[in-house]
$ cat model.txt   # compact mmCIF, C-alpha atoms
# COMPACT_ATOMS: atom_id res chain seq x y z
CA MET A 1 120.55 128.88 110.54
CA ALA A 2 123.51 138.50 110.46
CA GLU A 3 126.19 140.02 108.86
CA ALA A 4 124.85 140.60 105.37
CA ARG A 5 121.23 140.50 104.29
CA ALA A 6 119.78 140.72 100.82
CA ALA A 7 117.07 143.21 100.02
CA ARG A 8 113.81 141.63 99.04
CA ARG A 9 112.19 142.67 95.80
CA ARG A 10 108.71 144.09 96.10
CA PRO A 11 106.30 142.39 93.66
CA ARG A 12 104.13 144.80 91.77
CA GLU A 13 100.75 143.14 92.10
CA GLY A 14 98.97 142.52 95.40
CA ALA A 15 97.71 138.95 94.94
CA PHE A 16 101.01 137.81 93.47
CA ALA A 17 102.90 139.54 96.28
CA ASP A 18 100.92 137.59 98.88
CA ALA A 19 101.57 134.28 97.13
CA LEU A 20 105.27 135.01 96.78
CA ALA A 21 105.56 136.04 100.43
CA ARG A 22 103.93 132.77 101.54
CA ARG A 23 106.37 130.81 99.44
CA ALA A 24 109.37 132.71 100.80
CA ARG A 25 108.29 132.12 104.41
CA ALA A 26 107.69 128.46 103.74
CA CYS A 27 111.19 128.14 102.30
CA LEU A 28 112.50 128.82 105.79
CA ARG A 29 111.41 125.33 106.84
CA ARG A 30 113.81 123.02 105.06
CA ILE A 31 115.16 122.60 101.58
CA GLY A 32 117.28 119.47 101.20
CA SER A 33 117.65 119.17 104.98
CA LEU A 34 118.85 122.60 106.08
CA VAL A 35 116.69 125.52 107.15
CA LEU A 36 117.57 128.42 104.88
CA THR A 37 117.35 132.09 105.66
CA PHE A 38 118.30 133.12 102.14
CA VAL A 39 116.25 131.46 99.42
CA PHE A 40 115.64 131.74 95.73
CA THR A 41 111.94 132.15 95.06
CA LEU A 42 110.61 131.32 91.64
CA ALA A 43 108.73 134.36 90.37
CA ILE A 44 106.02 133.99 87.77
CA ASP A 45 105.27 137.02 85.61
CA THR A 46 101.50 137.24 85.90
CA ARG A 47 101.28 139.48 82.87
CA SER A 48 103.00 137.16 80.37
CA GLY A 49 102.48 133.82 82.11
CA GLY A 50 106.18 132.98 81.79
CA PRO A 51 108.94 132.61 84.38
CA VAL A 52 111.20 135.49 85.21
CA ALA A 53 114.55 135.52 86.98
CA PRO A 54 114.19 134.45 90.62
CA ALA A 55 114.60 137.03 93.32
CA PHE A 56 117.24 136.45 95.97
CA ALA A 57 115.12 136.70 99.07
CA GLY A 58 116.37 137.91 102.39
CA PRO A 59 115.17 136.91 105.85
CA ALA A 60 111.46 136.63 106.41
CA PRO A 61 109.70 136.07 109.72
CA MET A 62 108.84 132.43 110.34
CA PRO A 63 105.11 131.97 110.94
CA ALA A 64 103.96 129.95 113.90
CA ALA A 65 103.51 126.28 113.07
CA GLN A 66 99.82 126.51 113.90
CA ALA A 67 99.42 129.15 111.25
CA VAL A 68 100.57 126.91 108.39
CA PRO A 69 97.48 126.48 106.23
CA SER A 70 96.47 122.99 105.21
CA ALA A 71 95.57 124.26 101.78
CA PRO A 72 97.30 127.56 101.05
CA ALA A 73 95.69 129.79 98.48
CA PRO A 74 96.97 128.67 95.10
CA THR A 75 99.57 130.64 93.23
CA PRO A 76 97.94 132.84 90.58
CA SER A 77 96.65 131.00 87.53
CA PRO A 78 99.91 130.78 85.54
CA ALA A 79 101.33 128.49 88.27
CA ALA A 80 99.03 125.72 87.08
CA ALA A 81 101.20 125.52 83.98
CA ILE A 82 104.50 125.30 85.85
CA PRO A 83 106.44 122.21 84.68
CA GLY A 84 106.07 119.45 87.25
CA PHE A 85 102.70 120.60 88.56
CA HIS A 86 100.58 117.46 88.78
CA GLY A 87 97.19 118.92 89.62
CA PRO A 88 94.00 118.04 87.81
CA PRO A 89 93.62 119.28 84.24
CA PRO A 90 92.01 122.68 83.62
CA GLY A 91 88.26 122.56 84.02
CA PHE A 92 88.29 119.32 86.02
CA ASP A 93 85.57 119.55 88.68
CA GLY A 94 86.09 116.27 90.52
CA THR A 95 83.63 114.22 88.48
CA SER A 96 83.82 111.85 85.54
CA ALA A 97 81.34 110.00 83.36
CA SER A 98 81.15 107.28 86.02
CA GLY A 99 80.61 109.69 88.92
CA PRO A 100 82.68 111.61 91.52
CA VAL A 101 86.45 111.06 91.50
CA ARG A 102 88.16 110.91 94.86
CA ALA A 103 91.66 112.42 94.92
CA GLU A 104 94.19 110.08 96.51
CA PRO A 105 97.09 111.32 98.64
CA ALA A 106 100.65 110.53 97.62
CA HIS A 107 101.64 107.05 98.77
CA MET A 108 104.87 108.27 100.46
CA PRO A 109 107.43 105.92 102.07
CA PHE A 110 105.85 104.75 105.37
CA TYR A 111 107.16 101.99 107.63
CA VAL A 112 106.36 100.47 111.01
CA ALA A 113 109.28 99.36 113.21
CA THR A 114 108.44 97.18 116.23
CA LYS A 115 110.49 95.60 119.01
CA GLY A 116 108.38 94.01 121.72
CA ALA A 117 105.88 96.64 122.87
CA THR A 118 107.88 99.51 121.32
CA THR A 119 106.65 100.95 118.03
CA ILE A 120 108.23 103.57 115.80
CA TYR A 121 106.30 104.84 112.79
CA LEU A 122 108.56 106.25 110.07
CA LEU A 123 107.46 108.54 107.26
CA GLY A 124 109.86 109.65 104.53
CA THR A 125 109.22 113.30 103.82
CA LEU A 126 109.81 115.58 100.87
CA HIS A 127 110.57 119.18 101.77
CA VAL A 128 108.81 120.50 98.67
CA GLY A 129 105.64 119.19 97.10
CA ASP A 130 102.70 119.56 94.80
CA PRO A 131 99.21 120.60 95.97
CA TYR A 132 97.87 117.39 94.46
CA ASP A 133 99.99 115.36 96.92
CA TYR A 134 97.72 116.33 99.82
CA PRO A 135 93.99 116.31 98.96
CA LYS A 136 91.94 118.51 101.27
CA SER A 137 89.62 115.68 102.24
CA GLN A 138 92.47 113.32 103.18
CA PRO A 139 96.02 114.74 103.10
CA PHE A 140 97.60 111.43 104.12
CA ARG A 141 96.50 107.85 103.50
CA ARG A 142 94.63 106.08 106.30
CA PRO A 143 97.50 104.06 107.87
CA ILE A 144 99.51 107.26 108.25
CA MET A 145 96.58 109.14 109.77
CA ALA A 146 95.96 106.27 112.20
CA ALA A 147 99.62 106.22 113.22
CA LEU A 148 99.58 109.97 113.86
CA ALA A 149 96.46 109.59 116.01
CA ALA A 150 98.10 106.80 118.03
CA SER A 151 101.38 108.63 118.68
CA PRO A 152 101.78 110.99 121.64
CA THR A 153 104.98 112.37 120.08
CA LEU A 154 105.84 113.57 116.58
CA ALA A 155 109.59 113.71 115.91
CA LEU A 156 110.94 115.79 113.01
CA GLU A 157 114.52 116.37 111.98
CA ILE A 158 114.40 119.69 113.84
CA SER A 159 111.73 120.93 116.21
CA PRO A 160 109.58 123.92 115.19
CA ASP A 161 111.08 125.90 118.08
CA ASP A 162 114.56 125.48 116.60
CA LEU A 163 113.25 126.55 113.21
CA LEU A 164 112.28 129.89 114.71
CA LYS A 165 115.90 130.45 115.75
CA SER A 166 117.47 129.50 112.43
CA GLN A 167 117.85 132.85 110.70
CA ASP A 168 120.80 134.32 112.59
CA ASP A 169 122.70 131.02 112.54
CA VAL A 170 122.49 130.70 108.76
CA SER A 171 123.78 134.23 108.43
CA LYS A 172 126.47 133.73 111.06
CA TYR A 173 127.92 130.56 109.57
CA GLY A 174 127.01 130.81 105.91
CA VAL A 175 127.37 134.49 105.00
CA CYS A 176 130.42 136.74 104.81
CA ASN A 177 130.46 140.52 105.11
CA TYR A 178 132.33 140.69 101.82
CA ALA A 179 132.36 138.78 98.53
CA CYS A 180 134.18 135.71 99.88
CA LEU A 181 132.85 133.07 97.48
CA PRO A 182 135.13 133.91 94.51
CA ARG A 183 138.14 133.50 96.81
CA LEU A 184 136.95 130.07 97.99
CA LEU A 185 136.11 128.57 94.59
CA SER A 186 138.21 127.65 91.61
CA GLU A 187 137.80 129.92 88.60
CA PRO A 188 135.96 127.24 86.52
CA ILE A 189 133.35 126.65 89.25
CA MET A 190 132.83 130.38 89.79
CA ARG A 191 132.43 130.83 86.04
CA LYS A 192 129.76 128.11 85.95
CA LEU A 193 127.91 129.77 88.83
CA ALA A 194 128.05 133.15 87.08
CA MET A 195 126.63 131.55 83.93
CA ARG A 196 123.84 129.92 85.94
CA LEU A 197 122.82 133.30 87.39
CA ARG A 198 123.55 135.43 84.35
CA GLY A 199 119.89 136.42 84.13
CA ASN A 200 119.88 137.78 87.68
CA PRO A 201 122.94 139.94 88.47
CA THR A 202 121.48 140.96 91.83
CA ALA A 203 121.30 137.33 92.94
CA LEU A 204 124.85 136.74 91.73
CA GLU A 205 126.19 139.66 93.75
CA GLU A 206 124.45 138.41 96.90
CA ILE A 207 125.47 134.78 96.47
CA LYS A 208 129.08 135.94 96.24
CA LYS A 209 128.77 136.78 99.94
CA THR A 210 127.98 133.17 100.91
CA ARG A 211 130.22 130.25 101.69
CA PRO A 212 130.24 127.37 99.20
CA TRP A 213 127.93 125.08 101.20
CA LEU A 214 125.22 127.74 101.39
CA ALA A 215 125.70 128.68 97.75
CA ALA A 216 125.13 125.01 96.86
CA LEU A 217 121.92 124.89 98.88
CA LEU A 218 120.68 128.05 97.21
CA VAL A 219 121.22 126.52 93.77
CA GLU A 220 119.35 123.39 94.91
CA THR A 221 116.51 125.55 96.21
CA TYR A 222 116.16 127.36 92.92
CA ASP A 223 116.07 124.11 90.95
CA SER A 224 113.43 122.64 93.28
CA LEU A 225 111.17 125.65 92.89
CA ALA A 226 111.82 125.87 89.16
CA ALA A 227 110.63 122.26 88.88
CA GLY A 228 107.20 123.49 89.92
CA LEU A 229 107.23 122.08 93.45
CA GLN A 230 106.29 124.33 96.35
CA THR A 231 107.73 124.53 99.84
CA GLU A 232 104.35 125.19 101.47
CA TYR A 233 103.43 121.67 100.34
CA GLY A 234 106.42 120.09 102.01
CA THR A 235 105.48 117.10 104.16
CA GLU A 236 106.50 118.65 107.48
CA ALA A 237 104.18 121.63 107.10
CA GLN A 238 101.28 119.35 106.22
CA LEU A 239 102.03 116.98 109.12
CA GLU A 240 102.07 119.82 111.62
CA ASN A 241 98.76 121.05 110.30
CA VAL A 242 97.19 117.63 110.89
CA TYR A 243 98.94 116.86 114.18
CA LEU A 244 98.97 120.11 116.15
CA PRO A 245 95.19 120.65 116.51
CA THR A 246 94.78 117.36 118.42
CA LYS A 247 98.22 116.61 119.85
CA GLY A 248 100.91 119.24 120.05
CA LYS A 249 104.13 117.58 121.27
CA ILE A 250 106.70 117.88 118.50
CA VAL A 251 110.40 117.23 119.13
CA GLY A 252 113.56 117.29 117.05
CA LEU A 253 115.89 114.37 116.39
CA GLU A 254 118.81 116.75 116.18
CA THR A 255 119.48 120.24 117.39
CA LEU A 256 119.89 123.20 115.12
CA ALA A 257 123.58 123.35 116.07
CA GLU A 258 124.04 119.70 115.09
CA GLN A 259 122.38 120.20 111.75
CA MET A 260 124.38 123.34 111.08
CA ARG A 261 127.61 121.50 111.88
CA ALA A 262 126.82 118.95 109.18
CA PHE A 263 127.54 121.80 106.76
CA THR A 264 129.82 124.20 108.59
CA ASN A 265 132.28 121.40 109.47
CA LEU A 266 132.69 120.45 105.82
CA SER A 267 136.20 121.02 104.54
CA PHE A 268 136.52 123.52 101.72
CA ALA A 269 137.22 120.61 99.38
CA GLU A 270 133.91 119.03 100.42
CA GLN A 271 132.05 122.33 100.10
CA ARG A 272 133.48 122.87 96.64
CA GLU A 273 132.48 119.33 95.69
CA MET A 274 128.94 120.04 96.90
CA LEU A 275 128.59 123.11 94.70
CA ALA A 276 130.39 121.53 91.75
CA GLN A 277 127.87 118.68 91.75
CA ASP A 278 124.97 121.13 91.65
CA LEU A 279 126.57 122.93 88.71
CA ALA A 280 127.61 119.76 86.84
CA GLN A 281 124.25 119.54 85.10
CA THR A 282 122.10 122.05 83.30
CA PRO A 283 119.18 123.59 85.21
CA ALA A 284 116.84 121.46 83.09
CA GLN A 285 118.69 118.28 84.11
CA ASN A 286 118.57 119.28 87.78
CA MET A 287 114.84 119.99 87.49
CA ASP A 288 114.36 116.55 85.93
CA ASP A 289 116.13 115.01 88.93
CA VAL A 290 113.83 116.88 91.31
CA LYS A 291 110.80 115.59 89.42
CA THR A 292 112.18 112.04 89.43
CA LEU A 293 112.68 112.17 93.20
CA HIS A 294 109.14 113.48 93.57
CA ARG A 295 107.75 110.60 91.49
CA LEU A 296 109.72 108.00 93.49
CA TRP A 297 108.51 109.56 96.73
CA ARG A 298 104.91 109.37 95.55
CA ILE A 299 105.41 105.65 94.86
CA GLY A 300 106.75 105.23 98.38
CA ASP A 301 109.66 102.76 98.14
CA ALA A 302 112.52 103.98 100.36
CA ASP A 303 115.05 101.51 98.94
CA ALA A 304 114.28 102.62 95.37
CA ILE A 305 114.81 106.23 96.44
CA ALA A 306 118.14 105.32 98.09
CA ALA A 307 119.32 103.42 95.00
CA TRP A 308 118.45 106.36 92.76
CA ALA A 309 120.26 108.80 95.08
CA THR A 310 123.38 106.60 95.17
CA ALA A 311 123.47 106.35 91.38
CA LYS A 312 123.04 110.11 91.08
CA SER A 313 125.83 110.78 93.58
CA GLU A 314 128.21 108.50 91.70
CA ARG A 315 127.28 110.09 88.39
CA LEU A 316 127.81 113.66 89.56
CA ALA A 317 130.91 113.14 91.71
CA ARG A 318 133.71 115.43 90.57
CA THR A 319 136.29 114.24 93.14
CA PRO A 320 135.30 110.74 94.37
CA ALA A 321 137.04 110.97 97.76
CA ALA A 322 135.45 114.35 98.54
CA ALA A 323 132.07 113.10 97.30
CA ARG A 324 132.19 110.08 99.63
CA ALA A 325 133.16 112.28 102.58
CA LEU A 326 130.34 114.68 101.71
CA ASP A 327 127.71 111.91 101.65
CA ASN A 328 129.00 110.57 104.94
CA ARG A 329 128.78 113.95 106.67
CA ILE A 330 125.42 115.08 105.33
CA VAL A 331 123.56 111.77 105.14
CA PHE A 332 125.10 108.76 106.86
CA GLU A 333 126.37 110.36 110.09
CA ARG A 334 122.98 111.98 110.52
CA ASN A 335 121.24 108.64 109.83
CA ARG A 336 123.05 107.16 112.81
CA ARG A 337 122.07 110.12 114.98
CA PHE A 338 118.44 109.88 113.87
CA ALA A 339 118.24 106.16 114.66
CA LEU A 340 119.82 106.63 118.09
CA ARG A 341 117.50 109.49 119.04
CA MET A 342 114.27 107.88 117.85
CA VAL A 343 115.03 104.71 119.80
CA ALA A 344 115.71 106.83 122.89
CA ILE A 345 112.40 108.69 122.49
CA ALA A 346 110.28 105.57 121.91
CA ALA A 347 108.90 103.70 124.91
CA PRO A 348 106.78 100.56 125.38
CA ASN A 349 103.14 101.21 124.53
CA ARG A 350 103.93 104.83 123.65
CA PRO A 351 104.51 104.94 119.88
CA VAL A 352 106.52 107.73 118.34
CA PHE A 353 105.83 109.04 114.84
CA VAL A 354 109.07 109.98 113.07
CA ALA A 355 109.13 112.09 109.90
CA ILE A 356 112.51 112.60 108.23
CA GLY A 357 113.71 113.20 104.70
CA ALA A 358 112.98 110.24 102.44
CA LEU A 359 116.64 110.03 101.42
CA HIS A 360 117.54 109.03 105.00
CA LEU A 361 115.37 105.90 105.17
CA GLY A 362 116.44 103.28 102.63
CA GLY A 363 119.61 101.52 101.54
CA PRO A 364 122.29 99.57 103.43
CA ARG A 365 123.23 102.61 105.56
CA GLY A 366 119.75 104.04 105.94
CA VAL A 367 117.67 104.41 109.09
CA LEU A 368 115.53 101.33 108.34
CA THR A 369 118.64 99.13 108.19
CA LEU A 370 120.03 100.72 111.37
CA LEU A 371 116.79 99.92 113.21
CA ARG A 372 116.89 96.31 112.00
CA GLN A 373 120.41 96.07 113.34
CA ARG A 374 119.03 97.15 116.72
CA GLY A 375 116.55 94.29 116.75
CA PHE A 376 113.52 96.01 115.27
CA THR A 377 111.22 94.34 112.78
CA VAL A 378 110.55 96.84 110.00
CA GLU A 379 107.65 96.49 107.58
CA ALA A 380 106.07 98.75 104.99
CA GLY A 381 102.91 100.38 106.30

$ encode --input "model.txt" --output "structure tokens"
Amino acid sequence: MAEARAARRRPREGAFADALARRARACLRRIGSLVLTFVFTLAIDTRSGGPVAPAFAGPAPMPAAQAVPSAPAPTPSPAAAIPGFHGPPPGFDGTSASGPVRAEPAHMPFYVATKGATTIYLLGTLHVGDPYDYPKSQPFRRPIMAALAASPTLALEISPDDLLKSQDDVSKYGVCNYACLPRLLSEPIMRKLAMRLRGNPTALEEIKKTRPWLAALLVETYDSLAAGLQTEYGTEAQLENVYLPTKGKIVGLETLAEQMRAFTNLSFAEQREMLAQDLAQTPAQNMDDVKTLHRLWRIGDADAIAAWATAKSERLARTPAAARALDNRIVFERNRRFALRMVAIAAPNRPVFVAIGALHLGGPRGVLTLLRQRGFTVEAG
């Protein structure tokens, strides 16, 4: 998902450099739904404890799925104070006046769809997360762990093998060999983007070489990381870490080319709408939205997540017709593809465990509704 590549900044301090490199590699998995080669990484100045301008990171090698740690080494101490970090308070040692306290995993949207002897387990994922979402002793709640153990196949949006091939495709379809973005955007939108990146002129110069859809995803990536959530704690990475040691068969519900086309086939009007929505709010407002989505995901109600996403889309729409077309291309068309593929993979007495972005599950056009229309009984797990 290479004609132009951005130079990576070299952090000054060894421990921080390692943490930043892990985060950059993890960003290659998925942010939003697309695998990104170019990502914004939120840098924390370990000397002052405050945030600094994010570096515009270039391609980084994707680690093998087996190498994803279940509990990556924490970011240096200032990260504990990042807004949105929901870990235990400083000094908490796992005990209270009444005895040991057991950390509970995030509830997460989890559903069981059955039709005769065919079972599909569905988990709504979040592509960024908080370390506190996945306790070391039990990263997922028991029904989810039992479903993973019972399923000979784990289906993600894209297979890990396709993730390894994503870098050149992102560059091929999302990057120009010249500063094309100013020519593709209106002057007001380009001015807003320049204001957003005014603290990082290097990032602005590099983002000018991207097409609008990739520029929009980069802005979303920055806001997700600035909210204090970390890509190495995305659900997919944690699922693979639990599943691979005992199972190993992981498939994709769509190919890399199909996922790329969801963005590269957008008209320029739709691409501009995508970026305009990301720039319609202040960074603080976008970070609040990321945190709200994270809270809803922890509660685990897919329909509540879908209702929130619909309201947000209507609120941020700049051009209603383009906004509706954008949602259809990126969300609803892919929902139909996901439902079709998971039904094709599932077989009687051979459950399949499906993990896709939580925004794809709920609502009248979500995957859960599409499965009900195919005769499945769907219940919360």

$ residues_around --input "model.txt" --residues "A:Leu123" --least-positions-apart "6" --cutoff "8 Å" --atoms "all atoms listed in the file" --output "tab-separated table (two decimals) with C-alpha atoms, keeping the file's coordinate frame"
chain	number	residue	atom	x	y	z
A	108	MET	CA	104.87	108.27	100.46
A	109	PRO	CA	107.43	105.92	102.07
A	110	PHE	CA	105.85	104.75	105.37
A	111	TYR	CA	107.16	101.99	107.63
A	353	PHE	CA	105.83	109.04	114.84
A	354	VAL	CA	109.07	109.98	113.07
A	355	ALA	CA	109.13	112.09	109.90
A	356	ILE	CA	112.51	112.60	108.23
A	358	ALA	CA	112.98	110.24	102.44

$ closest_residue --input "model.txt" --among "A:Ala323, A:Val331, A:Ala276, A:Ala149" --to "A:Pro188" --atoms "all atoms listed in the file"
A:Ala276

$ closest_residue --input "model.txt" --among "A:Leu217, A:Asn335, A:Leu229, A:Cys180" --to "A:Glu205" --atoms "only C-alpha atoms"
A:Cys180

$ closest_residue --input "model.txt" --among "A:Ala106, A:Leu193, A:Ile144, A:Leu185" --to "A:Asp130" --atoms "all atoms listed in the file"
A:Ala106

$ atom_distance --input "model.txt" --atom1 "atom CA of A:Leu218" --atom2 "atom CA of A:Pro182"
15.8 Å

$ residues_around --input "model.txt" --residues "A:Ala269" --least-positions-apart "2" --cutoff "10 Å" --atoms "all atoms listed in the file" --output "ChimeraX atom specification"
/A:184-185,212,266-267,271-274,319,321-323,325-326

$ atom_distance --input "model.txt" --atom1 "atom CA of A:Leu368" --atom2 "atom CA of A:Gln238"
23.1 Å

$ closest_residue --input "model.txt" --among "A:Thr255, A:Thr310, A:Thr377, A:Gln138" --to "A:Arg341" --atoms "only C-alpha atoms"
A:Thr255

$ atom_distance --input "model.txt" --atom1 "atom CA of A:Asn200" --atom2 "atom CA of A:Leu225"
15.8 Å

$ closest_residue --input "model.txt" --among "A:Val170, A:Leu279, A:Ala179, A:Val343" --to "A:Gly375" --atoms "all atoms listed in the file"
A:Val343

$ residues_around --input "model.txt" --residues "A:Thr114" --least-positions-apart "4" --cutoff "12 Å" --atoms "only C-alpha atoms" --output "list of chain:residue names"
A:Thr118, A:Thr119, A:Ile120, A:Tyr121, A:Leu122, A:Val343, A:Ala346, A:Ala347, A:Pro348, A:Asn349, A:Arg350, A:Pro351, A:Val352, A:Leu368, A:Leu371, A:Arg372, A:Arg374, A:Gly375, A:Phe376, A:Thr377, A:Val378, A:Glu379, A:Ala380, A:Gly381

$ write_last_selection --input "model.txt" --atoms "C-alpha atoms" --output "PDB file, in the coordinates of the input"
ATOM      1  CA  THR A 118     107.880  99.510 121.320  1.00  0.00           C
ATOM      2  CA  THR A 119     106.650 100.950 118.030  1.00  0.00           C
ATOM      3  CA  ILE A 120     108.230 103.570 115.800  1.00  0.00           C
ATOM      4  CA  TYR A 121     106.300 104.840 112.790  1.00  0.00           C
ATOM      5  CA  LEU A 122     108.560 106.250 110.070  1.00  0.00           C
ATOM      6  CA  VAL A 343     115.030 104.710 119.800  1.00  0.00           C
ATOM      7  CA  ALA A 346     110.280 105.570 121.910  1.00  0.00           C
ATOM      8  CA  ALA A 347     108.900 103.700 124.910  1.00  0.00           C
ATOM      9  CA  PRO A 348     106.780 100.560 125.380  1.00  0.00           C
ATOM     10  CA  ASN A 349     103.140 101.210 124.530  1.00  0.00           C
ATOM     11  CA  ARG A 350     103.930 104.830 123.650  1.00  0.00           C
ATOM     12  CA  PRO A 351     104.510 104.940 119.880  1.00  0.00           C
ATOM     13  CA  VAL A 352     106.520 107.730 118.340  1.00  0.00           C
ATOM     14  CA  LEU A 368     115.530 101.330 108.340  1.00  0.00           C
ATOM     15  CA  LEU A 371     116.790  99.920 113.210  1.00  0.00           C
ATOM     16  CA  ARG A 372     116.890  96.310 112.000  1.00  0.00           C
ATOM     17  CA  ARG A 374     119.030  97.150 116.720  1.00  0.00           C
ATOM     18  CA  GLY A 375     116.550  94.290 116.750  1.00  0.00           C
ATOM     19  CA  PHE A 376     113.520  96.010 115.270  1.00  0.00           C
ATOM     20  CA  THR A 377     111.220  94.340 112.780  1.00  0.00           C
ATOM     21  CA  VAL A 378     110.550  96.840 110.000  1.00  0.00           C
ATOM     22  CA  GLU A 379     107.650  96.490 107.580  1.00  0.00           C
ATOM     23  CA  ALA A 380     106.070  98.750 104.990  1.00  0.00           C
ATOM     24  CA  GLY A 381     102.910 100.380 106.300  1.00  0.00           C
TER      25      GLY A 381
END

$ closest_residue --input "model.txt" --among "A:Thr210, A:Ala203, A:Val112, A:Val175" --to "A:Ala146" --atoms "only C-alpha atoms"
A:Val112

$ residues_near_point --input "model.txt" --point "(125.4, 111.3, 89.2)" --cutoff "12 Å" --atoms "all atoms listed in the file" --output "list in words"
Ala276, Gln277, Asp278, Leu279, Ala280, Gln281, Gln285, Asn286, Asp289, Ala307, Trp308, Ala309, Thr310, Ala311, Lys312, Ser313, Glu314, Arg315, Leu316, Ala317, Arg318, Thr319, Pro320 and Ala323 of chain A

$ residues_around --input "model.txt" --residues "A:Gly252" --least-positions-apart "6" --cutoff "12 Å" --atoms "all atoms listed in the file" --output "JSON list (two decimals) with C-alpha atoms, keeping the file's coordinate frame"
[["chain", "number", "residue", "atom", "x", "y", "z"],
["A", 153, "THR", "CA", 104.98, 112.37, 120.08],
["A", 154, "LEU", "CA", 105.84, 113.57, 116.58],
["A", 155, "ALA", "CA", 109.59, 113.71, 115.91],
["A", 156, "LEU", "CA", 110.94, 115.79, 113.01],
["A", 157, "GLU", "CA", 114.52, 116.37, 111.98],
["A", 158, "ILE", "CA", 114.40, 119.69, 113.84],
["A", 159, "SER", "CA", 111.73, 120.93, 116.21],
["A", 160, "PRO", "CA", 109.58, 123.92, 115.19],
["A", 161, "ASP", "CA", 111.08, 125.90, 118.08],
["A", 162, "ASP", "CA", 114.56, 125.48, 116.60],
["A", 163, "LEU", "CA", 113.25, 126.55, 113.21],
["A", 236, "GLU", "CA", 106.50, 118.65, 107.48],
["A", 258, "GLU", "CA", 124.04, 119.70, 115.09],
["A", 259, "GLN", "CA", 122.38, 120.20, 111.75],
["A", 337, "ARG", "CA", 122.07, 110.12, 114.98],
["A", 338, "PHE", "CA", 118.44, 109.88, 113.87],
["A", 341, "ARG", "CA", 117.50, 109.49, 119.04],
["A", 342, "MET", "CA", 114.27, 107.88, 117.85],
["A", 345, "ILE", "CA", 112.40, 108.69, 122.49],
["A", 352, "VAL", "CA", 106.52, 107.73, 118.34],
["A", 353, "PHE", "CA", 105.83, 109.04, 114.84],
["A", 354, "VAL", "CA", 109.07, 109.98, 113.07],
["A", 355, "ALA", "CA", 109.13, 112.09, 109.90],
["A", 356, "ILE", "CA", 112.51, 112.60, 108.23]]
